[in-house]
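The file start.csv comes next; it holds CSV, C-alpha atoms.
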```csv
chain,number,residue,atom,x,y,z
A,1,MET,CA,63.3,-6.6,17.8
A,2,GLN,CA,61.9,-9.3,15.4
A,3,LYS,CA,58.9,-9.8,17.7
A,4,LYS,CA,58.1,-6.1,17.5
A,5,ASN,CA,58.3,-6.3,13.8
A,6,LYS,CA,55.9,-9.3,13.7
A,7,ASN,CA,53.4,-7.4,15.8
A,8,PHE,CA,53.7,-4.4,13.6
A,9,LEU,CA,53.1,-6.7,10.6
A,10,LYS,CA,49.9,-8.0,12.2
A,11,ILE,CA,48.6,-4.4,12.3
A,12,ALA,CA,49.9,-3.1,9.0
A,13,LEU,CA,48.6,-5.9,6.8
A,14,PRO,CA,45.0,-5.8,7.9
A,15,ILE,CA,44.9,-2.1,7.4
A,16,LEU,CA,46.2,-2.4,3.9
A,17,PHE,CA,43.7,-5.3,3.3
A,18,LEU,CA,40.7,-3.3,4.6
A,19,LEU,CA,41.7,-0.3,2.5
A,20,PHE,CA,41.5,-2.1,-0.8
A,21,PHE,CA,39.4,-5.2,-0.3
A,22,PRO,CA,35.9,-3.6,-0.6
A,23,VAL,CA,36.8,-1.9,-3.8
A,24,SER,CA,38.0,-5.1,-5.4
A,25,ILE,CA,35.1,-7.2,-4.3
A,26,TYR,CA,32.0,-5.0,-4.4
A,27,GLY,CA,32.9,-2.5,-7.1
A,28,GLN,CA,33.7,1.1,-7.0
A,29,VAL,CA,31.0,3.6,-6.4
A,30,ILE,CA,31.6,6.4,-8.9
A,31,GLY,CA,28.6,8.6,-8.4
A,32,THR,CA,25.2,9.0,-6.7
A,33,ALA,CA,22.2,11.2,-7.4
A,34,THR,CA,19.1,11.8,-5.3
A,35,HIS,CA,15.8,13.4,-5.6
A,36,THR,CA,12.6,13.4,-3.5
A,37,ILE,CA,9.3,11.8,-4.5
A,38,THR,CA,6.3,12.7,-2.4
A,39,VAL,CA,3.3,10.4,-2.4
A,40,ASN,CA,0.1,12.1,-1.4
A,41,VAL,CA,-3.2,10.2,-1.0
A,42,ALA,CA,-6.3,12.3,-0.9
A,43,THR,CA,-9.4,11.5,1.1
A,44,ILE,CA,-11.3,9.1,-1.1
A,45,ALA,CA,-15.0,8.1,-0.6
A,46,VAL,CA,-16.8,6.6,-3.5
A,47,LEU,CA,-20.2,4.9,-3.9
A,48,GLN,CA,-21.7,3.1,-6.9
A,49,LEU,CA,-25.1,1.6,-7.6
A,50,ASN,CA,-25.6,-1.0,-10.4
A,51,THR,CA,-29.0,0.2,-11.2
A,52,THR,CA,-30.3,3.7,-12.0
A,53,ALA,CA,-34.0,3.0,-11.8
A,54,LEU,CA,-36.3,0.2,-10.8
A,55,ASN,CA,-40.0,-0.4,-10.3
A,56,LEU,CA,-41.8,-2.2,-7.5
A,57,ASN,CA,-45.3,-3.2,-8.6
A,58,ILE,CA,-47.8,-4.3,-6.0
A,59,THR,CA,-50.3,-6.3,-8.0
A,60,GLY,CA,-52.3,-8.0,-5.3
A,61,ASP,CA,-51.2,-11.4,-6.6
A,62,ASN,CA,-50.8,-14.0,-3.8
A,63,VAL,CA,-52.8,-11.8,-1.4
A,64,VAL,CA,-54.7,-13.8,1.1
A,65,ALA,CA,-58.4,-13.2,0.9
A,66,GLY,CA,-59.5,-11.2,3.8
A,67,SER,CA,-56.1,-9.6,4.4
A,68,ASP,CA,-55.5,-5.9,3.9
A,69,LEU,CA,-51.7,-6.1,3.6
A,70,MET,CA,-50.0,-6.4,0.2
A,71,ILE,CA,-46.2,-6.6,-0.1
A,72,THR,CA,-43.6,-6.8,-2.9
A,73,THR,CA,-39.8,-6.9,-2.6
A,74,ASN,CA,-36.8,-6.3,-4.9
A,75,GLN,CA,-33.1,-7.3,-4.4
A,76,THR,CA,-31.6,-6.5,-7.8
A,77,THR,CA,-29.6,-3.5,-6.6
A,78,THR,CA,-25.9,-3.7,-5.5
A,79,LEU,CA,-24.3,-0.9,-3.6
A,80,SER,CA,-20.5,-0.8,-3.7
A,81,TRP,CA,-18.2,1.5,-1.7
A,82,GLY,CA,-14.6,2.4,-1.2
A,83,THR,CA,-13.2,4.7,1.5
A,84,ASN,CA,-9.8,5.4,3.0
A,85,SER,CA,-11.2,7.5,5.9
A,86,SER,CA,-11.2,5.9,9.3
A,87,ASN,CA,-14.7,6.9,10.5
A,88,VAL,CA,-17.4,6.8,7.9
A,89,LYS,CA,-20.8,5.4,7.3
A,90,ILE,CA,-23.4,5.1,4.5
A,91,THR,CA,-26.8,6.7,4.9
A,92,VAL,CA,-29.9,6.8,2.7
A,93,ARG,CA,-32.9,9.1,2.3
A,94,THR,CA,-35.7,9.8,-0.2
A,95,ASP,CA,-36.9,13.0,-1.8
A,96,ASN,CA,-40.5,12.1,-1.5
A,97,PRO,CA,-42.0,13.8,1.6
A,98,ASN,CA,-45.5,12.3,1.3
A,99,PRO,CA,-45.6,8.9,-0.3
A,100,LEU,CA,-48.9,7.1,-0.5
A,101,PHE,CA,-47.3,3.7,0.3
A,102,GLU,CA,-44.5,2.5,2.6
A,103,LEU,CA,-41.0,1.8,1.1
A,104,TRP,CA,-38.5,0.1,3.3
A,105,ILE,CA,-34.8,-0.6,2.8
A,106,GLU,CA,-32.2,-2.9,4.2
A,107,ALA,CA,-28.6,-3.6,3.1
A,108,SER,CA,-27.0,-7.1,3.2
A,109,ILE,CA,-23.2,-6.9,3.0
A,110,SER,CA,-22.0,-9.5,0.5
A,111,ASN,CA,-18.3,-8.8,0.7
A,112,THR,CA,-16.0,-6.3,2.3
A,113,THR,CA,-12.4,-5.8,3.4
A,114,SER,CA,-13.7,-4.4,6.7
A,115,PRO,CA,-13.8,-6.8,9.6
A,116,THR,CA,-16.2,-4.5,11.5
A,117,ALA,CA,-18.8,-3.3,8.9
A,118,TYR,CA,-22.4,-4.1,9.6
A,119,SER,CA,-25.8,-3.1,8.3
A,120,VAL,CA,-28.6,-1.7,10.4
A,121,PRO,CA,-32.0,-3.3,10.6
A,122,GLU,CA,-34.6,-2.5,7.9
A,123,VAL,CA,-35.7,1.2,7.9
A,124,ARG,CA,-38.6,3.0,6.4
A,125,LEU,CA,-37.4,5.6,3.9
A,126,LYS,CA,-38.0,9.2,4.8
A,127,THR,CA,-36.6,12.6,3.8
A,128,THR,CA,-34.1,12.7,6.6
A,129,ALA,CA,-31.0,10.4,6.3
A,130,ASP,CA,-31.0,7.1,8.0
A,131,ASN,CA,-28.0,4.9,8.7
A,132,LEU,CA,-27.7,2.0,6.3
A,133,ILE,CA,-24.1,0.6,6.9
A,134,LEU,CA,-21.9,1.4,9.9
A,135,GLY,CA,-18.4,0.5,11.2
A,136,MET,CA,-16.8,0.4,7.7
A,137,GLY,CA,-13.5,1.9,8.7
A,138,ARG,CA,-11.0,2.1,5.8
A,139,SER,CA,-12.4,-0.4,3.4
A,140,SER,CA,-14.1,-1.4,0.2
A,141,GLY,CA,-17.1,-3.7,-0.2
A,142,SER,CA,-20.5,-4.2,-1.6
A,143,ALA,CA,-24.0,-4.9,-0.3
A,144,ILE,CA,-27.3,-6.2,-1.8
A,145,ILE,CA,-30.0,-3.6,-1.3
A,146,LYS,CA,-33.4,-5.1,-0.4
A,147,TYR,CA,-36.4,-2.9,-1.0
A,148,ARG,CA,-39.8,-3.7,0.4
A,149,ALA,CA,-42.9,-1.9,-0.7
A,150,VAL,CA,-46.0,-2.1,1.5
A,151,ALA,CA,-49.6,-1.2,0.6
A,152,TYR,CA,-52.9,-1.8,2.2
A,153,ALA,CA,-55.9,-2.6,0.1
A,154,SER,CA,-57.8,0.1,1.8
A,155,GLN,CA,-55.3,2.7,0.4
A,156,GLY,CA,-56.5,2.2,-3.1
A,157,THR,CA,-54.3,2.5,-6.2
A,158,GLY,CA,-51.5,5.0,-7.1
A,159,THR,CA,-47.8,5.5,-7.8
A,160,ASP,CA,-45.0,6.8,-5.6
A,161,SER,CA,-41.8,8.1,-7.1
A,162,HIS,CA,-38.7,8.2,-4.9
A,163,GLY,CA,-35.4,9.8,-5.7
A,164,LEU,CA,-33.0,8.0,-3.3
A,165,THR,CA,-29.7,9.5,-2.2
A,166,PHE,CA,-27.0,7.2,-0.7
A,167,THR,CA,-24.3,9.2,1.1
A,168,ILE,CA,-20.9,8.1,2.5
A,169,THR,CA,-20.2,10.5,5.3
A,170,ASN,CA,-18.5,10.9,8.7
B,171,MET,CA,65.1,-1.8,9.9
B,172,TRP,CA,61.9,-3.8,9.3
B,173,LYS,CA,60.0,-1.5,11.5
B,174,ILE,CA,60.9,1.5,9.3
B,175,ILE,CA,60.0,-0.4,6.2
B,176,TYR,CA,56.6,-1.3,7.5
B,177,LYS,CA,56.0,2.2,8.7
B,178,LYS,CA,56.7,3.5,5.3
B,179,LEU,CA,54.4,0.8,3.8
B,180,ILE,CA,51.6,2.1,6.0
B,181,ILE,CA,52.3,5.7,5.0
B,182,ILE,CA,52.3,4.7,1.4
B,183,GLY,CA,49.1,2.7,1.9
B,184,VAL,CA,47.3,5.6,3.5
B,185,PHE,CA,48.5,7.9,0.8
B,186,LEU,CA,47.2,5.6,-1.9
B,187,GLY,CA,43.9,5.3,-0.1
B,188,CYS,CA,43.5,9.0,0.1
B,189,LEU,CA,44.4,9.3,-3.6
B,190,PHE,CA,41.7,6.7,-4.3
B,191,LEU,CA,39.1,8.5,-2.4
B,192,ILE,CA,39.9,11.8,-4.0
B,193,HIS,CA,39.8,10.1,-7.4
B,194,SER,CA,36.4,8.5,-6.6
B,195,GLN,CA,35.0,11.9,-5.6
B,196,SER,CA,36.2,13.6,-8.7
B,197,ASN,CA,34.7,10.8,-10.8
B,198,ALA,CA,31.5,11.0,-8.9
B,199,GLN,CA,30.9,14.6,-9.8
B,200,GLY,CA,28.8,14.7,-12.9
B,201,ALA,CA,28.8,10.9,-13.3
B,202,ILE,CA,25.1,10.6,-12.6
B,203,SER,CA,22.3,13.1,-12.1
B,204,THR,CA,18.6,13.3,-12.0
B,205,LYS,CA,16.6,15.8,-14.1
B,206,GLY,CA,13.1,17.1,-13.6
B,207,GLY,CA,13.4,18.0,-9.9
B,208,ASN,CA,11.4,16.8,-7.0
B,209,GLN,CA,8.0,15.4,-7.7
B,210,THR,CA,4.7,15.0,-5.8
B,211,ILE,CA,2.4,12.2,-7.0
B,212,SER,CA,-1.2,12.5,-5.8
B,213,ILE,CA,-3.7,9.7,-5.7
B,214,THR,CA,-7.2,11.2,-5.8
B,215,THR,CA,-9.7,8.7,-7.1
B,216,GLY,CA,-10.8,5.2,-6.4
B,217,ILE,CA,-13.1,2.4,-7.6
B,218,ALA,CA,-16.1,1.5,-5.5
B,219,GLY,CA,-15.7,-2.1,-4.4
B,220,GLY,CA,-12.1,-2.0,-5.7
B,221,GLN,CA,-9.1,0.1,-4.7
B,222,PRO,CA,-7.8,3.6,-5.3
B,223,ILE,CA,-6.4,4.2,-8.8
B,224,SER,CA,-2.6,4.2,-9.2
B,225,VAL,CA,-0.9,7.2,-10.6
B,226,VAL,CA,2.1,7.2,-12.9
B,227,ASN,CA,4.7,9.9,-13.1
B,228,THR,CA,7.3,10.1,-15.9
B,229,ALA,CA,8.5,13.7,-15.3
B,230,THR,CA,12.0,12.9,-14.2
B,231,SER,CA,14.9,11.2,-15.9
B,232,LEU,CA,18.4,9.9,-15.1
B,233,SER,CA,21.6,11.0,-16.9
B,234,TYR,CA,24.8,9.2,-16.5
B,235,LYS,CA,28.3,9.6,-18.0
B,236,LEU,CA,30.4,6.5,-18.4
B,237,ASN,CA,34.0,6.7,-19.4
B,238,LYS,CA,35.2,3.8,-17.4
B,239,ASN,CA,37.0,0.8,-18.9
B,240,SER,CA,34.8,-1.7,-17.1
B,241,ILE,CA,31.1,-2.7,-17.1
B,242,GLN,CA,29.0,-0.6,-14.7
B,243,LYS,CA,25.5,-0.7,-13.2
B,244,ILE,CA,23.1,1.6,-11.5
B,245,THR,CA,21.3,0.7,-8.3
B,246,VAL,CA,18.3,2.4,-6.6
B,247,SER,CA,17.2,2.7,-3.0
B,248,THR,CA,14.9,4.9,-0.9
B,249,ALA,CA,14.8,6.4,2.5
B,250,CYS,CA,11.2,7.0,3.6
B,251,PRO,CA,10.7,6.8,7.4
B,252,GLY,CA,7.2,5.8,8.3
B,253,GLN,CA,6.3,4.7,4.8
B,254,ARG,CA,2.6,3.9,4.4
B,255,PHE,CA,1.9,3.8,0.7
B,256,SER,CA,3.5,2.0,-2.3
B,257,LEU,CA,6.0,3.4,-4.8
B,258,ARG,CA,7.5,1.6,-7.7
B,259,VAL,CA,10.1,2.7,-10.3
B,260,LEU,CA,11.0,1.5,-13.7
B,261,ALA,CA,13.7,2.7,-16.1
B,262,VAL,CA,12.2,3.3,-19.6
B,263,SER,CA,13.7,4.5,-22.8
B,264,VAL,CA,17.2,3.4,-21.6
B,265,THR,CA,19.9,4.4,-24.0
B,266,GLN,CA,22.8,2.6,-22.4
B,267,GLY,CA,22.6,-0.7,-20.4
B,268,THR,CA,19.8,-3.1,-19.6
B,269,PRO,CA,16.8,-2.0,-17.5
B,270,SER,CA,15.8,-4.2,-14.6
B,271,VAL,CA,12.2,-5.2,-13.9
B,272,GLU,CA,10.1,-2.6,-12.1
B,273,ARG,CA,11.4,-2.1,-8.5
B,274,THR,CA,9.3,-1.6,-5.4
B,275,LEU,CA,10.9,1.1,-3.2
B,276,ILE,CA,10.7,0.2,0.4
B,277,ASN,CA,12.3,2.2,3.2
B,278,GLY,CA,15.4,0.6,4.6
B,279,ASN,CA,15.7,-2.1,1.9
B,280,PRO,CA,19.1,-2.7,0.3
B,281,ALA,CA,19.8,-1.0,-3.0
B,282,LEU,CA,18.4,-2.9,-6.0
B,283,ASP,CA,19.9,-3.2,-9.5
B,284,PHE,CA,18.1,-0.7,-11.7
B,285,ILE,CA,20.2,-0.6,-14.9
B,286,THR,CA,22.8,-3.3,-15.5
B,287,GLU,CA,25.3,-4.3,-18.1
B,288,ILE,CA,26.2,-0.8,-19.0
B,289,PRO,CA,29.1,-1.3,-21.4
B,290,ALA,CA,32.6,0.1,-20.8
B,291,ARG,CA,33.2,3.5,-22.3
B,292,ALA,CA,29.5,3.8,-23.2
B,293,GLY,CA,29.5,7.6,-23.1
B,294,ASN,CA,26.4,9.4,-22.1
B,295,GLY,CA,23.4,7.5,-21.1
B,296,GLN,CA,19.8,8.5,-20.2
B,297,ALA,CA,16.7,6.9,-18.9
B,298,THR,CA,13.2,8.1,-18.1
B,299,LEU,CA,12.1,7.3,-14.5
B,300,GLN,CA,8.6,5.9,-14.4
B,301,TYR,CA,7.3,6.1,-10.9
B,302,THR,CA,4.0,4.5,-10.0
B,303,ALA,CA,2.3,5.4,-6.7
B,304,SER,CA,-0.4,3.2,-5.3
B,305,ALA,CA,-2.4,2.7,-2.1
B,306,THR,CA,-5.2,0.6,-0.8
B,307,TYR,CA,-8.2,1.9,1.0
B,308,GLU,CA,-7.0,0.1,4.1
B,309,GLN,CA,-3.7,2.1,4.1
B,310,GLY,CA,-5.6,5.4,4.7
B,311,ASN,CA,-5.0,8.9,3.4
B,312,SER,CA,-2.5,11.7,3.8
B,313,VAL,CA,-4.9,14.0,5.6
B,314,GLU,CA,-5.1,11.6,8.5
B,315,LEU,CA,-1.6,10.0,8.2
B,316,GLY,CA,0.6,12.5,6.3
B,317,ASN,CA,2.5,12.1,3.0
B,318,ASP,CA,5.2,9.6,2.2
B,319,LEU,CA,8.5,11.5,1.5
B,320,HIS,CA,11.0,9.4,-0.4
B,321,THR,CA,14.6,10.3,-0.8
B,322,VAL,CA,15.4,8.1,-3.8
B,323,THR,CA,19.1,7.5,-4.4
B,324,TYR,CA,20.6,6.2,-7.6
B,325,THR,CA,24.2,4.9,-7.4
B,326,ILE,CA,26.5,4.1,-10.3
B,327,ILE,CA,29.0,1.4,-9.6
B,328,GLU,CA,32.0,0.3,-11.6
B,329,LEU,CA,32.2,-3.5,-11.5
```
What would the structure in this file look like if it were written as structure tokens?
Amino acid sequence: MQKKNKNFLKIALPILFLLFFPVSIYGQVIGTATHTITVNVATIAVLQLNTTALNLNITGDNVVAGSDLMITTNQTTTLSWGTNSSNVKITVRTDNPNPLFELWIEASISNTTSPTAYSVPEVRLKTTADNLILGMGRSSGSAIIKYRAVAYASQGTGTDSHGLTFTITN
Amino acid sequence: MWKIIYKKLIIIGVFLGCLFLIHSQSNAQGAISTKGGNQTISITTGIAGGQPISVVNTATSLSYKLNKNSIQKITVSTACPGQRFSLRVLAVSVTQGTPSVERTLINGNPALDFITEIPARAGNGQATLQYTASATYEQGNSVELGNDLHTVTYTIIEL
């Protein structure tokens, strides 16, 4: 009879302990309230240039006598981007359909969060868009833009005006 | 004889437990509530060469009624399966208790202290909920990945 009581005690005491222990140790929950917060992130694709206008002057300085080719370069422009889309690239085009002289462009990526972004080799600007930077993925970064203007002595003098459009696109 | 006594003890214990649970539930009703409804926070712009711009929402608030004899606190937790973006919450303009530092809400994490040291018998308390949503470009967008839907739970605990 006493053995049965001891067994019974072994069961009863843990039950009573478990019933009240959590309240005494962890505190009593006396109320809860919930609501839902939805976080929506739109498709974002932004580009920024640090210059609005620049001039490339071919002066003929440093031209080798007897050579027809004259060149000048400019690397003062920085192009920055940010995109959270998975498959985008940056292209460039000019609005000048008939320039007298050649204008070439090339991007040199200076920093980026993308492990796969790369710039394409130098391209001559035209009115249809050419790829400038590819493989960006979801990333931000910046690149130095190198312009190279080319003229031949035989072309004479003149001025070309280019309106350049950089586009971040799929 | 002993068996009968212990059986009665168990019955009394269970009875007291039930009373405790009923009491807790009745206290829970109206003890804490959110106002302002459910919210959608949209991140729409970013900085070239930087990151998307965080968005702050203060359209909701927390009300709590405290008539207990002991110090209390409020904790916060979230359930957001497949969470991709960041969400933080801060209690501002707190009328009763001490606000904790801004809390980052992460799916599955344990509840974090949100407002502590709420005095006994403090009466009605209120706090504005300041949510800040942020994302990186690398985390992507909702068009491709879907929204984050957080069920945020505030729990008031008597210590």
Rounded to one decimal in Å, what is the spacing between atom CA of B:Ala305 and atom CA of B:Thr230?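 Interatomic distance, atom CA of B:Ala305 to atom CA of B:Thr230: 21.4 Å.
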Set the cut-off to 6 Å and count only C-alpha atoms: what are the residues of chain B that reach chain A? Output as a PyMOL selection string. chain B and resi 173+194+197-198+201-203+208-214+218-219+307-308+310-312+317-329
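For the atom pair formed by atom CA of A:Leu125 and atom CA of A:Arg93, the distance is 5.9 Å, given to one decimal.
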One residue among A:Thr78, A:Thr73, A:Asn170, A:Thr52 is nearest to A:Ile109 when using all atoms listed in the file, and that residue is A:Thr78
Practice prompt. For A:Val63, please output as number ranges by chain all residues within 12 Å (counting only C-alpha atoms; exclusion window: fewer than 5 positions along the same chain).
Written response: A: 58, 68-72, 151-153
